[in-house]
file model.cif (mmCIF, N, CA and C atoms)
data_coords
loop_
_atom_site.label_atom_id
_atom_site.label_comp_id
_atom_site.auth_asym_id
_atom_site.auth_seq_id
_atom_site.Cartn_x
_atom_site.Cartn_y
_atom_site.Cartn_z
N MET A 1 -2.00 -3.90 -93.27
CA MET A 1 -1.58 -5.29 -93.17
C MET A 1 -0.19 -5.49 -93.77
N ASN A 2 0.09 -4.84 -94.89
CA ASN A 2 1.41 -4.98 -95.50
C ASN A 2 2.51 -4.48 -94.58
N GLN A 3 2.23 -3.39 -93.87
CA GLN A 3 3.23 -2.83 -92.96
C GLN A 3 3.52 -3.81 -91.81
N LEU A 4 2.49 -4.47 -91.31
CA LEU A 4 2.67 -5.46 -90.25
C LEU A 4 3.50 -6.64 -90.75
N TRP A 5 3.19 -7.14 -91.94
CA TRP A 5 3.96 -8.24 -92.52
C TRP A 5 5.40 -7.82 -92.74
N GLU A 6 5.62 -6.61 -93.28
CA GLU A 6 6.98 -6.12 -93.54
C GLU A 6 7.77 -6.04 -92.25
N THR A 7 7.16 -5.52 -91.19
CA THR A 7 7.83 -5.41 -89.90
C THR A 7 8.27 -6.78 -89.40
N THR A 8 7.35 -7.72 -89.42
CA THR A 8 7.64 -9.07 -88.93
C THR A 8 8.71 -9.74 -89.77
N HIS A 9 8.60 -9.62 -91.07
CA HIS A 9 9.57 -10.23 -91.97
C HIS A 9 10.96 -9.62 -91.80
N GLU A 10 11.04 -8.30 -91.77
CA GLU A 10 12.35 -7.65 -91.63
C GLU A 10 13.02 -8.02 -90.32
N GLN A 11 12.24 -8.08 -89.24
CA GLN A 11 12.85 -8.43 -87.95
C GLN A 11 13.29 -9.89 -87.94
N TYR A 12 12.50 -10.77 -88.54
CA TYR A 12 12.88 -12.18 -88.61
C TYR A 12 14.18 -12.36 -89.41
N VAL A 13 14.28 -11.71 -90.55
CA VAL A 13 15.49 -11.82 -91.37
C VAL A 13 16.69 -11.28 -90.60
N THR A 14 16.53 -10.16 -89.93
CA THR A 14 17.61 -9.59 -89.12
C THR A 14 18.03 -10.57 -88.02
N ASP A 15 17.06 -11.19 -87.36
CA ASP A 15 17.38 -12.15 -86.29
C ASP A 15 18.08 -13.39 -86.84
N VAL A 16 17.67 -13.86 -88.01
CA VAL A 16 18.32 -15.02 -88.62
C VAL A 16 19.78 -14.70 -88.93
N LEU A 17 20.02 -13.52 -89.49
CA LEU A 17 21.40 -13.11 -89.81
C LEU A 17 22.23 -12.94 -88.53
N THR A 18 21.62 -12.35 -87.51
CA THR A 18 22.32 -12.19 -86.23
C THR A 18 22.66 -13.55 -85.63
N ALA A 19 21.71 -14.48 -85.68
CA ALA A 19 21.94 -15.82 -85.14
C ALA A 19 23.11 -16.50 -85.87
N ALA A 20 23.17 -16.35 -87.18
CA ALA A 20 24.26 -16.96 -87.95
C ALA A 20 25.60 -16.36 -87.55
N ARG A 21 25.65 -15.05 -87.38
CA ARG A 21 26.91 -14.40 -86.99
C ARG A 21 27.31 -14.79 -85.57
N VAL A 22 26.34 -14.84 -84.66
CA VAL A 22 26.63 -15.23 -83.28
C VAL A 22 27.13 -16.67 -83.24
N TYR A 23 26.48 -17.56 -83.99
CA TYR A 23 26.90 -18.96 -83.98
C TYR A 23 28.31 -19.12 -84.56
N SER A 24 28.62 -18.35 -85.57
CA SER A 24 29.98 -18.38 -86.12
C SER A 24 30.99 -17.97 -85.06
N ASP A 25 30.67 -16.95 -84.29
CA ASP A 25 31.56 -16.51 -83.21
C ASP A 25 31.64 -17.55 -82.10
N ILE A 26 30.54 -18.23 -81.82
CA ILE A 26 30.55 -19.31 -80.83
C ILE A 26 31.51 -20.41 -81.28
N CYS A 27 31.40 -20.81 -82.54
CA CYS A 27 32.29 -21.86 -83.08
C CYS A 27 33.75 -21.42 -83.04
N ASP A 28 34.01 -20.17 -83.38
CA ASP A 28 35.39 -19.66 -83.33
C ASP A 28 35.93 -19.68 -81.91
N ALA A 29 35.12 -19.22 -80.95
CA ALA A 29 35.57 -19.17 -79.56
C ALA A 29 35.78 -20.57 -79.01
N ALA A 30 34.97 -21.50 -79.46
CA ALA A 30 35.08 -22.88 -78.98
C ALA A 30 36.18 -23.63 -79.70
N ALA A 31 36.75 -23.02 -80.74
CA ALA A 31 37.79 -23.66 -81.55
C ALA A 31 37.33 -25.03 -82.02
N LYS A 32 36.04 -25.09 -82.32
CA LYS A 32 35.43 -26.34 -82.82
C LYS A 32 35.73 -27.51 -81.90
N LYS A 33 35.73 -27.23 -80.59
CA LYS A 33 35.99 -28.26 -79.58
C LYS A 33 35.03 -29.43 -79.74
N ASP A 34 33.78 -29.15 -79.95
CA ASP A 34 32.77 -30.16 -80.26
C ASP A 34 31.59 -29.43 -80.88
N THR A 35 30.50 -30.11 -81.08
CA THR A 35 29.35 -29.45 -81.70
C THR A 35 28.21 -29.25 -80.72
N TYR A 36 28.41 -29.57 -79.47
CA TYR A 36 27.40 -29.38 -78.43
C TYR A 36 27.85 -28.23 -77.54
N TYR A 37 27.20 -27.10 -77.69
CA TYR A 37 27.63 -25.91 -76.95
C TYR A 37 26.59 -25.51 -75.92
N GLU A 38 27.01 -25.42 -74.67
CA GLU A 38 26.16 -24.84 -73.64
C GLU A 38 26.49 -23.36 -73.60
N VAL A 39 25.45 -22.54 -73.68
CA VAL A 39 25.65 -21.10 -73.80
C VAL A 39 24.81 -20.33 -72.79
N ALA A 40 25.25 -19.13 -72.52
CA ALA A 40 24.48 -18.18 -71.71
C ALA A 40 24.64 -16.82 -72.38
N PHE A 41 23.54 -16.15 -72.62
CA PHE A 41 23.55 -14.82 -73.24
C PHE A 41 23.31 -13.77 -72.18
N VAL A 42 24.05 -12.67 -72.28
CA VAL A 42 23.93 -11.57 -71.33
C VAL A 42 23.60 -10.30 -72.11
N GLY A 43 22.65 -9.53 -71.63
CA GLY A 43 22.26 -8.29 -72.31
C GLY A 43 21.24 -8.57 -73.39
N ARG A 44 21.11 -7.62 -74.30
CA ARG A 44 20.14 -7.77 -75.38
C ARG A 44 20.52 -6.92 -76.58
N ILE A 45 19.99 -7.29 -77.73
CA ILE A 45 20.17 -6.52 -78.95
C ILE A 45 18.79 -6.03 -79.36
N PRO A 46 18.57 -4.73 -79.40
CA PRO A 46 17.24 -4.22 -79.76
C PRO A 46 16.86 -4.56 -81.19
N GLY A 47 15.56 -4.59 -81.44
CA GLY A 47 15.06 -4.88 -82.78
C GLY A 47 15.41 -3.79 -83.77
N ASN A 48 15.25 -4.13 -85.03
CA ASN A 48 15.49 -3.21 -86.14
C ASN A 48 14.33 -2.22 -86.21
N GLN A 49 14.52 -1.01 -85.77
CA GLN A 49 13.44 -0.04 -85.69
C GLN A 49 13.44 0.96 -86.84
N GLY A 50 14.13 0.67 -87.92
CA GLY A 50 14.21 1.59 -89.04
C GLY A 50 13.01 1.49 -89.96
N GLY A 51 12.90 2.42 -90.88
CA GLY A 51 11.86 2.38 -91.90
C GLY A 51 10.47 2.54 -91.32
N TYR A 52 9.56 1.77 -91.85
CA TYR A 52 8.16 1.86 -91.45
C TYR A 52 7.77 0.74 -90.49
N MET A 53 8.59 0.52 -89.50
CA MET A 53 8.37 -0.58 -88.55
C MET A 53 7.16 -0.28 -87.66
N VAL A 54 6.36 -1.31 -87.45
CA VAL A 54 5.24 -1.26 -86.53
C VAL A 54 5.70 -1.99 -85.28
N THR A 55 5.46 -1.43 -84.12
CA THR A 55 5.85 -2.13 -82.89
C THR A 55 4.65 -2.29 -81.98
N GLY A 56 4.66 -3.36 -81.24
CA GLY A 56 3.61 -3.68 -80.29
C GLY A 56 4.18 -4.59 -79.24
N ASP A 57 3.32 -5.39 -78.61
CA ASP A 57 3.80 -6.29 -77.56
C ASP A 57 4.97 -7.13 -78.02
N CYS A 58 4.81 -7.81 -79.15
CA CYS A 58 5.92 -8.62 -79.67
C CYS A 58 6.26 -8.25 -81.10
N ILE A 59 5.42 -7.51 -81.77
CA ILE A 59 5.66 -7.12 -83.16
C ILE A 59 6.82 -6.13 -83.22
N GLY A 60 7.76 -6.40 -84.11
CA GLY A 60 8.88 -5.49 -84.32
C GLY A 60 10.03 -5.64 -83.33
N HIS A 61 9.95 -6.65 -82.49
CA HIS A 61 11.00 -6.86 -81.50
C HIS A 61 11.81 -8.10 -81.84
N SER A 62 13.06 -8.09 -81.44
CA SER A 62 14.00 -9.15 -81.73
C SER A 62 13.97 -10.23 -80.66
N PHE A 63 14.24 -11.48 -81.06
CA PHE A 63 14.44 -12.55 -80.08
C PHE A 63 15.61 -12.21 -79.17
N PHE A 64 16.54 -11.42 -79.68
CA PHE A 64 17.74 -11.07 -78.94
C PHE A 64 17.52 -9.94 -77.93
N GLU A 65 16.30 -9.42 -77.85
CA GLU A 65 16.05 -8.36 -76.88
C GLU A 65 15.01 -8.75 -75.83
N TRP A 66 14.35 -9.88 -76.00
CA TRP A 66 13.30 -10.29 -75.06
C TRP A 66 13.91 -10.85 -73.80
N PHE A 67 13.79 -10.12 -72.73
CA PHE A 67 14.33 -10.56 -71.44
C PHE A 67 13.24 -11.31 -70.70
N ASP A 68 13.52 -12.54 -70.33
CA ASP A 68 12.58 -13.37 -69.59
C ASP A 68 12.89 -13.21 -68.10
N GLU A 69 11.87 -12.95 -67.31
CA GLU A 69 12.08 -12.75 -65.87
C GLU A 69 12.27 -14.10 -65.16
N SER A 70 13.21 -14.87 -65.63
CA SER A 70 13.53 -16.15 -65.00
C SER A 70 15.04 -16.19 -64.76
N THR A 71 15.52 -17.31 -64.31
CA THR A 71 16.96 -17.44 -64.08
C THR A 71 17.74 -17.46 -65.38
N LEU A 72 17.06 -17.66 -66.52
CA LEU A 72 17.74 -17.71 -67.81
C LEU A 72 17.91 -16.33 -68.45
N GLY A 73 17.10 -15.36 -68.09
CA GLY A 73 17.16 -14.05 -68.73
C GLY A 73 16.84 -14.17 -70.21
N VAL A 74 17.64 -13.54 -71.05
CA VAL A 74 17.43 -13.56 -72.50
C VAL A 74 17.84 -14.90 -73.12
N THR A 75 18.61 -15.70 -72.41
CA THR A 75 19.13 -16.96 -72.95
C THR A 75 18.03 -17.90 -73.44
N GLY A 76 16.93 -17.99 -72.72
CA GLY A 76 15.87 -18.92 -73.09
C GLY A 76 15.33 -18.68 -74.49
N ARG A 77 14.92 -17.46 -74.78
CA ARG A 77 14.36 -17.17 -76.11
C ARG A 77 15.41 -17.27 -77.20
N VAL A 78 16.60 -16.75 -76.95
CA VAL A 78 17.65 -16.79 -77.97
C VAL A 78 18.05 -18.24 -78.25
N GLN A 79 18.25 -19.03 -77.21
CA GLN A 79 18.63 -20.43 -77.41
C GLN A 79 17.55 -21.17 -78.18
N ASN A 80 16.29 -20.99 -77.82
CA ASN A 80 15.21 -21.67 -78.52
C ASN A 80 15.14 -21.25 -79.99
N PHE A 81 15.31 -19.97 -80.26
CA PHE A 81 15.30 -19.47 -81.64
C PHE A 81 16.45 -20.08 -82.43
N MET A 82 17.65 -20.06 -81.86
CA MET A 82 18.81 -20.60 -82.57
C MET A 82 18.68 -22.11 -82.77
N PHE A 83 18.15 -22.82 -81.78
CA PHE A 83 17.96 -24.26 -81.91
C PHE A 83 16.94 -24.55 -83.02
N MET A 84 15.89 -23.72 -83.11
CA MET A 84 14.89 -23.88 -84.17
C MET A 84 15.52 -23.70 -85.55
N LEU A 85 16.54 -22.85 -85.63
CA LEU A 85 17.24 -22.62 -86.90
C LEU A 85 18.25 -23.73 -87.21
N GLY A 86 18.45 -24.66 -86.28
CA GLY A 86 19.34 -25.78 -86.52
C GLY A 86 20.71 -25.65 -85.87
N TYR A 87 20.91 -24.61 -85.06
CA TYR A 87 22.20 -24.44 -84.40
C TYR A 87 22.21 -25.23 -83.09
N GLU A 88 23.31 -25.94 -82.86
CA GLU A 88 23.44 -26.77 -81.66
C GLU A 88 23.90 -25.93 -80.47
N VAL A 89 22.96 -25.20 -79.92
CA VAL A 89 23.23 -24.45 -78.69
C VAL A 89 22.22 -24.92 -77.65
N HIS A 90 22.68 -25.03 -76.40
CA HIS A 90 21.86 -25.59 -75.34
C HIS A 90 21.99 -24.73 -74.09
N TYR A 91 20.97 -24.84 -73.24
CA TYR A 91 21.01 -24.13 -71.97
C TYR A 91 22.19 -24.62 -71.14
N SER A 92 22.70 -23.73 -70.33
CA SER A 92 23.74 -24.14 -69.39
C SER A 92 23.14 -24.12 -67.98
N ASN A 93 23.91 -24.58 -67.03
CA ASN A 93 23.45 -24.57 -65.64
C ASN A 93 23.68 -23.23 -64.96
N ILE A 94 24.31 -22.31 -65.65
CA ILE A 94 24.64 -21.01 -65.06
C ILE A 94 23.41 -20.09 -65.14
N THR A 95 23.17 -19.32 -64.08
CA THR A 95 22.03 -18.39 -64.09
C THR A 95 22.42 -17.11 -64.81
N TYR A 96 21.41 -16.34 -65.16
CA TYR A 96 21.66 -15.08 -65.85
C TYR A 96 22.52 -14.17 -64.99
N SER A 97 22.23 -14.08 -63.71
CA SER A 97 23.00 -13.17 -62.84
C SER A 97 24.45 -13.62 -62.71
N GLU A 98 24.68 -14.93 -62.68
CA GLU A 98 26.07 -15.43 -62.64
C GLU A 98 26.80 -15.09 -63.94
N ALA A 99 26.12 -15.30 -65.07
CA ALA A 99 26.73 -14.98 -66.36
C ALA A 99 27.00 -13.49 -66.49
N ALA A 100 26.06 -12.66 -66.02
CA ALA A 100 26.23 -11.20 -66.09
C ALA A 100 27.43 -10.77 -65.25
N ALA A 101 27.62 -11.37 -64.10
CA ALA A 101 28.77 -11.03 -63.25
C ALA A 101 30.08 -11.40 -63.94
N LEU A 102 30.12 -12.56 -64.60
CA LEU A 102 31.32 -12.98 -65.32
C LEU A 102 31.59 -12.12 -66.55
N ALA A 103 30.53 -11.54 -67.12
CA ALA A 103 30.68 -10.73 -68.33
C ALA A 103 31.05 -9.28 -68.05
N GLN A 104 31.02 -8.87 -66.80
CA GLN A 104 31.35 -7.48 -66.47
C GLN A 104 32.76 -7.17 -66.94
N GLY A 105 32.90 -6.00 -67.55
CA GLY A 105 34.19 -5.56 -68.05
C GLY A 105 34.52 -6.09 -69.44
N ARG A 106 33.69 -6.98 -69.95
CA ARG A 106 33.89 -7.51 -71.30
C ARG A 106 33.22 -6.59 -72.31
N PRO A 107 33.73 -6.57 -73.55
CA PRO A 107 33.06 -5.77 -74.59
C PRO A 107 31.76 -6.44 -75.03
N SER A 108 30.89 -5.67 -75.64
CA SER A 108 29.62 -6.20 -76.15
C SER A 108 29.81 -6.76 -77.55
N TRP A 109 29.00 -7.77 -77.87
CA TRP A 109 29.05 -8.41 -79.17
C TRP A 109 28.72 -7.39 -80.25
N PRO A 110 29.44 -7.37 -81.36
CA PRO A 110 30.31 -8.40 -81.92
C PRO A 110 31.80 -8.18 -81.68
N ALA A 111 32.16 -7.36 -80.71
CA ALA A 111 33.59 -7.09 -80.47
C ALA A 111 34.32 -8.35 -80.02
N GLU A 112 35.59 -8.39 -80.34
CA GLU A 112 36.44 -9.50 -79.90
C GLU A 112 36.43 -9.56 -78.38
N GLY A 113 36.30 -10.75 -77.84
CA GLY A 113 36.25 -10.94 -76.39
C GLY A 113 34.85 -10.97 -75.82
N SER A 114 33.84 -10.74 -76.66
CA SER A 114 32.46 -10.75 -76.18
C SER A 114 31.89 -12.17 -76.08
N VAL A 115 32.55 -13.14 -76.71
CA VAL A 115 32.17 -14.56 -76.61
C VAL A 115 33.34 -15.25 -75.93
N PHE A 116 33.09 -15.80 -74.75
CA PHE A 116 34.20 -16.35 -73.97
C PHE A 116 33.74 -17.52 -73.11
N TRP A 117 34.72 -18.34 -72.72
CA TRP A 117 34.45 -19.46 -71.84
C TRP A 117 34.36 -18.97 -70.40
N ALA A 118 33.42 -19.50 -69.66
CA ALA A 118 33.32 -19.22 -68.23
C ALA A 118 33.81 -20.46 -67.50
N LYS A 119 35.01 -20.40 -66.99
CA LYS A 119 35.57 -21.54 -66.26
C LYS A 119 35.43 -22.82 -67.08
N ASP A 120 35.76 -22.77 -68.33
CA ASP A 120 35.72 -23.88 -69.28
C ASP A 120 34.33 -24.26 -69.77
N ASP A 121 33.28 -23.87 -69.06
CA ASP A 121 31.94 -24.21 -69.51
C ASP A 121 30.96 -23.38 -68.73
N PRO A 122 30.02 -22.74 -69.29
CA PRO A 122 29.60 -22.67 -70.68
C PRO A 122 30.26 -21.50 -71.40
N LEU A 123 29.87 -21.34 -72.65
CA LEU A 123 30.27 -20.14 -73.39
C LEU A 123 29.31 -19.02 -73.03
N ILE A 124 29.86 -17.86 -72.76
CA ILE A 124 29.01 -16.70 -72.47
C ILE A 124 29.13 -15.74 -73.64
N ILE A 125 27.98 -15.24 -74.08
CA ILE A 125 27.95 -14.27 -75.17
C ILE A 125 27.36 -12.98 -74.60
N LYS A 126 28.19 -11.96 -74.50
CA LYS A 126 27.73 -10.68 -73.97
C LYS A 126 27.18 -9.84 -75.12
N LEU A 127 25.87 -9.69 -75.17
CA LEU A 127 25.22 -8.93 -76.23
C LEU A 127 25.28 -7.43 -75.96
N SER A 128 25.17 -7.04 -74.70
CA SER A 128 25.24 -5.62 -74.31
C SER A 128 25.43 -5.54 -72.81
N ASP A 129 25.61 -4.31 -72.31
CA ASP A 129 25.73 -4.10 -70.85
C ASP A 129 24.40 -4.25 -70.16
#
call {"tool": "encode", "arguments": {"input": "model.cif", "output": "structure tokens"}}
result
Amino acid sequence: MNQLWETTHEQYVTDVLTAARVYSDICDAAAKKDTYYEVAFVGRIPGNQGGYMVTGDCIGHSFFEWFDESTLGVTGRVQNFMFMLGYEVHYSNITYSEAAALAQGRPSWPAEGSVFWAKDDPLIIKLSD
């Protein structure tokens, strides 16, 4: 039981820190244009698999790696998680496939250029290829 709790806790803490860093980059890319950001996430960041991590269907996995088989892709879970943490990020009208096409050739987060405007709106955050 302790190992299960440790796995869940470590992944949650990692996701909270990742969300804070991503939001900081969103604010920087937006140049604090306003506080209402429509975002689209492309790719995924795998969970923290170090130490004595237990993995299962959802145990040990990051919000940043869960790909939803919808038009939102990973954006849905990441946006909901970040919104729950108090960050003002919202869904955009852009589909995952449209965002992925715009992100081609861009570096993966946290590299410079991985958070960018798509035709002025929304912000796209490329997590990985």
call {"tool": "residues_near_point", "arguments": {"input": "model.cif", "point": "(25.1, -16.8, -64.6)", "cutoff": "12 Å", "atoms": "only C-alpha atoms", "output": "CSV table (one decimal) with N, CA and C atoms, in the coordinates of the input"}}
result
chain,number,residue,atom,x,y,z
A,39,VAL,N,25.4,-22.5,-73.7
A,39,VAL,CA,25.6,-21.1,-73.8
A,39,VAL,C,24.8,-20.3,-72.8
A,40,ALA,N,25.2,-19.1,-72.5
A,40,ALA,CA,24.5,-18.2,-71.7
A,40,ALA,C,24.6,-16.8,-72.4
A,41,PHE,N,23.5,-16.2,-72.6
A,41,PHE,CA,23.6,-14.8,-73.2
A,41,PHE,C,23.3,-13.8,-72.2
A,42,VAL,N,24.0,-12.7,-72.3
A,42,VAL,CA,23.9,-11.6,-71.3
A,42,VAL,C,23.6,-10.3,-72.1
A,43,GLY,N,22.6,-9.5,-71.6
A,43,GLY,CA,22.3,-8.3,-72.3
A,43,GLY,C,21.2,-8.6,-73.4
A,70,SER,N,13.2,-14.9,-65.6
A,70,SER,CA,13.5,-16.2,-65.0
A,70,SER,C,15.0,-16.2,-64.8
A,71,THR,N,15.5,-17.3,-64.3
A,71,THR,CA,17.0,-17.4,-64.1
A,71,THR,C,17.7,-17.5,-65.4
A,72,LEU,N,17.1,-17.7,-66.5
A,72,LEU,CA,17.7,-17.7,-67.8
A,72,LEU,C,17.9,-16.3,-68.4
A,73,GLY,N,17.1,-15.4,-68.1
A,73,GLY,CA,17.2,-14.0,-68.7
A,73,GLY,C,16.8,-14.2,-70.2
A,74,VAL,N,17.6,-13.5,-71.0
A,74,VAL,CA,17.4,-13.6,-72.5
A,74,VAL,C,17.8,-14.9,-73.1
A,75,THR,N,18.6,-15.7,-72.4
A,75,THR,CA,19.1,-17.0,-73.0
A,75,THR,C,18.0,-17.9,-73.4
A,91,TYR,N,21.0,-24.8,-73.2
A,91,TYR,CA,21.0,-24.1,-72.0
A,91,TYR,C,22.2,-24.6,-71.1
A,92,SER,N,22.7,-23.7,-70.3
A,92,SER,CA,23.7,-24.1,-69.4
A,92,SER,C,23.1,-24.1,-68.0
A,93,ASN,N,23.9,-24.6,-67.0
A,93,ASN,CA,23.4,-24.6,-65.6
A,93,ASN,C,23.7,-23.2,-65.0
A,94,ILE,N,24.3,-22.3,-65.6
A,94,ILE,CA,24.6,-21.0,-65.1
A,94,ILE,C,23.4,-20.1,-65.1
A,95,THR,N,23.2,-19.3,-64.1
A,95,THR,CA,22.0,-18.4,-64.1
A,95,THR,C,22.4,-17.1,-64.8
A,96,TYR,N,21.4,-16.3,-65.2
A,96,TYR,CA,21.7,-15.1,-65.8
A,96,TYR,C,22.5,-14.2,-65.0
A,97,SER,N,22.2,-14.1,-63.7
A,97,SER,CA,23.0,-13.2,-62.8
A,97,SER,C,24.4,-13.6,-62.7
A,98,GLU,N,24.7,-14.9,-62.7
A,98,GLU,CA,26.1,-15.4,-62.6
A,98,GLU,C,26.8,-15.1,-63.9
A,99,ALA,N,26.1,-15.3,-65.1
A,99,ALA,CA,26.7,-15.0,-66.4
A,99,ALA,C,27.0,-13.5,-66.5
A,100,ALA,N,26.1,-12.7,-66.0
A,100,ALA,CA,26.2,-11.2,-66.1
A,100,ALA,C,27.4,-10.8,-65.2
A,101,ALA,N,27.6,-11.4,-64.1
A,101,ALA,CA,28.8,-11.0,-63.2
A,101,ALA,C,30.1,-11.4,-63.9
A,102,LEU,N,30.1,-12.6,-64.6
A,102,LEU,CA,31.3,-13.0,-65.3
A,102,LEU,C,31.6,-12.1,-66.6
A,103,ALA,N,30.5,-11.5,-67.1
A,103,ALA,CA,30.7,-10.7,-68.3
A,103,ALA,C,31.0,-9.3,-68.0
A,104,GLN,N,31.0,-8.9,-66.8
A,104,GLN,CA,31.4,-7.5,-66.5
A,104,GLN,C,32.8,-7.2,-66.9
A,118,ALA,N,33.4,-19.5,-69.7
A,118,ALA,CA,33.3,-19.2,-68.2
A,118,ALA,C,33.8,-20.5,-67.5
A,119,LYS,N,35.0,-20.4,-67.0
A,119,LYS,CA,35.6,-21.5,-66.3
A,119,LYS,C,35.4,-22.8,-67.1
A,121,ASP,N,33.3,-23.9,-69.1
A,121,ASP,CA,31.9,-24.2,-69.5
A,121,ASP,C,31.0,-23.4,-68.7
A,122,PRO,N,30.0,-22.7,-69.3
A,122,PRO,CA,29.6,-22.7,-70.7
A,122,PRO,C,30.3,-21.5,-71.4
A,123,LEU,N,29.9,-21.3,-72.6
A,123,LEU,CA,30.3,-20.1,-73.4
A,123,LEU,C,29.3,-19.0,-73.0
A,124,ILE,N,29.9,-17.9,-72.8
A,124,ILE,CA,29.0,-16.7,-72.5
A,124,ILE,C,29.1,-15.7,-73.6
A,125,ILE,N,28.0,-15.2,-74.1
A,125,ILE,CA,28.0,-14.3,-75.2
A,125,ILE,C,27.4,-13.0,-74.6
A,126,LYS,N,28.2,-12.0,-74.5
A,126,LYS,CA,27.7,-10.7,-74.0
A,126,LYS,C,27.2,-9.8,-75.1
call {"tool": "residues_around", "arguments": {"input": "model.cif", "residues": "Tyr87 in chain A", "least_positions_apart": "4", "cutoff": "8 Å", "atoms": "all atoms listed in the file", "output": "list of chain:residue names"}}
result
A:Tyr23, A:Thr35, A:Tyr37, A:Gln79, A:Phe81, A:Met82, A:Phe83
call {"tool": "write_last_selection", "arguments": {"input": "model.cif", "atoms": "N, CA and C atoms", "output": "mmCIF file, keeping the file's coordinate frame"}}
result
data_model
loop_
_atom_site.group_PDB
_atom_site.id
_atom_site.type_symbol
_atom_site.label_atom_id
_atom_site.label_comp_id
_atom_site.auth_asym_id
_atom_site.auth_seq_id
_atom_site.Cartn_x
_atom_site.Cartn_y
_atom_site.Cartn_z
ATOM 1 N N TYR A 23 26.480 -17.560 -83.990
ATOM 2 C CA TYR A 23 26.900 -18.960 -83.980
ATOM 3 C C TYR A 23 28.310 -19.120 -84.560
ATOM 4 N N THR A 35 30.500 -30.110 -81.080
ATOM 5 C CA THR A 35 29.350 -29.450 -81.700
ATOM 6 C C THR A 35 28.210 -29.250 -80.720
ATOM 7 N N TYR A 37 27.200 -27.100 -77.690
ATOM 8 C CA TYR A 37 27.630 -25.910 -76.950
ATOM 9 C C TYR A 37 26.590 -25.510 -75.920
ATOM 10 N N GLN A 79 18.250 -19.030 -77.210
ATOM 11 C CA GLN A 79 18.630 -20.430 -77.410
ATOM 12 C C GLN A 79 17.550 -21.170 -78.180
ATOM 13 N N PHE A 81 15.310 -19.970 -80.260
ATOM 14 C CA PHE A 81 15.300 -19.470 -81.640
ATOM 15 C C PHE A 81 16.450 -20.080 -82.430
ATOM 16 N N MET A 82 17.650 -20.060 -81.860
ATOM 17 C CA MET A 82 18.810 -20.600 -82.570
ATOM 18 C C MET A 82 18.680 -22.110 -82.770
ATOM 19 N N PHE A 83 18.150 -22.820 -81.780
ATOM 20 C CA PHE A 83 17.960 -24.260 -81.910
ATOM 21 C C PHE A 83 16.940 -24.550 -83.020
#
call {"tool": "resolve_selection", "arguments": {"input": "model.cif", "expression": "the PyMOL selection byres (((chain A and resi 13 and name CA) around 12) and name CA)", "output": "compact mmCIF listing (two decimals) with N, CA and C atoms, in the frame of the given file"}}
result
# COMPACT_ATOMS: atom_id res chain seq x y z
N GLU A 6 5.62 -6.61 -93.28
CA GLU A 6 6.98 -6.12 -93.54
C GLU A 6 7.77 -6.04 -92.25
N THR A 7 7.16 -5.52 -91.19
CA THR A 7 7.83 -5.41 -89.90
C THR A 7 8.27 -6.78 -89.40
N THR A 8 7.35 -7.72 -89.42
CA THR A 8 7.64 -9.07 -88.93
C THR A 8 8.71 -9.74 -89.77
N HIS A 9 8.60 -9.62 -91.07
CA HIS A 9 9.57 -10.23 -91.97
C HIS A 9 10.96 -9.62 -91.80
N GLU A 10 11.04 -8.30 -91.77
CA GLU A 10 12.35 -7.65 -91.63
C GLU A 10 13.02 -8.02 -90.32
N GLN A 11 12.24 -8.08 -89.24
CA GLN A 11 12.85 -8.43 -87.95
C GLN A 11 13.29 -9.89 -87.94
N TYR A 12 12.50 -10.77 -88.54
CA TYR A 12 12.88 -12.18 -88.61
C TYR A 12 14.18 -12.36 -89.41
N THR A 14 16.53 -10.16 -89.93
CA THR A 14 17.61 -9.59 -89.12
C THR A 14 18.03 -10.57 -88.02
N ASP A 15 17.06 -11.19 -87.36
CA ASP A 15 17.38 -12.15 -86.29
C ASP A 15 18.08 -13.39 -86.84
N VAL A 16 17.67 -13.86 -88.01
CA VAL A 16 18.32 -15.02 -88.62
C VAL A 16 19.78 -14.70 -88.93
N LEU A 17 20.02 -13.52 -89.49
CA LEU A 17 21.40 -13.11 -89.81
C LEU A 17 22.23 -12.94 -88.53
N THR A 18 21.62 -12.35 -87.51
CA THR A 18 22.32 -12.19 -86.23
C THR A 18 22.66 -13.55 -85.63
N ALA A 19 21.71 -14.48 -85.68
CA ALA A 19 21.94 -15.82 -85.14
C ALA A 19 23.11 -16.50 -85.87
N ALA A 20 23.17 -16.35 -87.18
CA ALA A 20 24.26 -16.96 -87.95
C ALA A 20 25.60 -16.36 -87.55
N GLY A 47 15.56 -4.59 -81.44
CA GLY A 47 15.06 -4.88 -82.78
C GLY A 47 15.41 -3.79 -83.77
N ASN A 48 15.25 -4.13 -85.03
CA ASN A 48 15.49 -3.21 -86.14
C ASN A 48 14.33 -2.22 -86.21
N GLY A 60 7.76 -6.40 -84.11
CA GLY A 60 8.88 -5.49 -84.32
C GLY A 60 10.03 -5.64 -83.33
N HIS A 61 9.95 -6.65 -82.49
CA HIS A 61 11.00 -6.86 -81.50
C HIS A 61 11.81 -8.10 -81.84
N SER A 62 13.06 -8.09 -81.44
CA SER A 62 14.00 -9.15 -81.73
C SER A 62 13.97 -10.23 -80.66
N PHE A 63 14.24 -11.48 -81.06
CA PHE A 63 14.44 -12.55 -80.08
C PHE A 63 15.61 -12.21 -79.17
N LEU A 85 16.54 -22.85 -85.63
CA LEU A 85 17.24 -22.62 -86.90
C LEU A 85 18.25 -23.73 -87.21
call {"tool": "closest_residue", "arguments": {"input": "model.cif", "among": "A:Glu88, A:Asp129, A:Phe67, A:Asn2", "to": "Ser114 in chain A", "atoms": "only C-alpha atoms"}}
result
A:Asp129
call {"tool": "atom_distance", "arguments": {"input": "model.cif", "atom1": "atom C of His90 in chain A", "atom2": "CA of Gly76 in chain A"}}
result
8.5 Å
call {"tool": "atom_distance", "arguments": {"input": "model.cif", "atom1": "CA of Tyr36 in chain A", "atom2": "CA of Asn80 in chain A"}}
result
14.4 Å
call {"tool": "atom_distance", "arguments": {"input": "model.cif", "atom1": "atom C of Glu112 in chain A", "atom2": "atom C of Gly86 in chain A"}}
result
23.7 Å
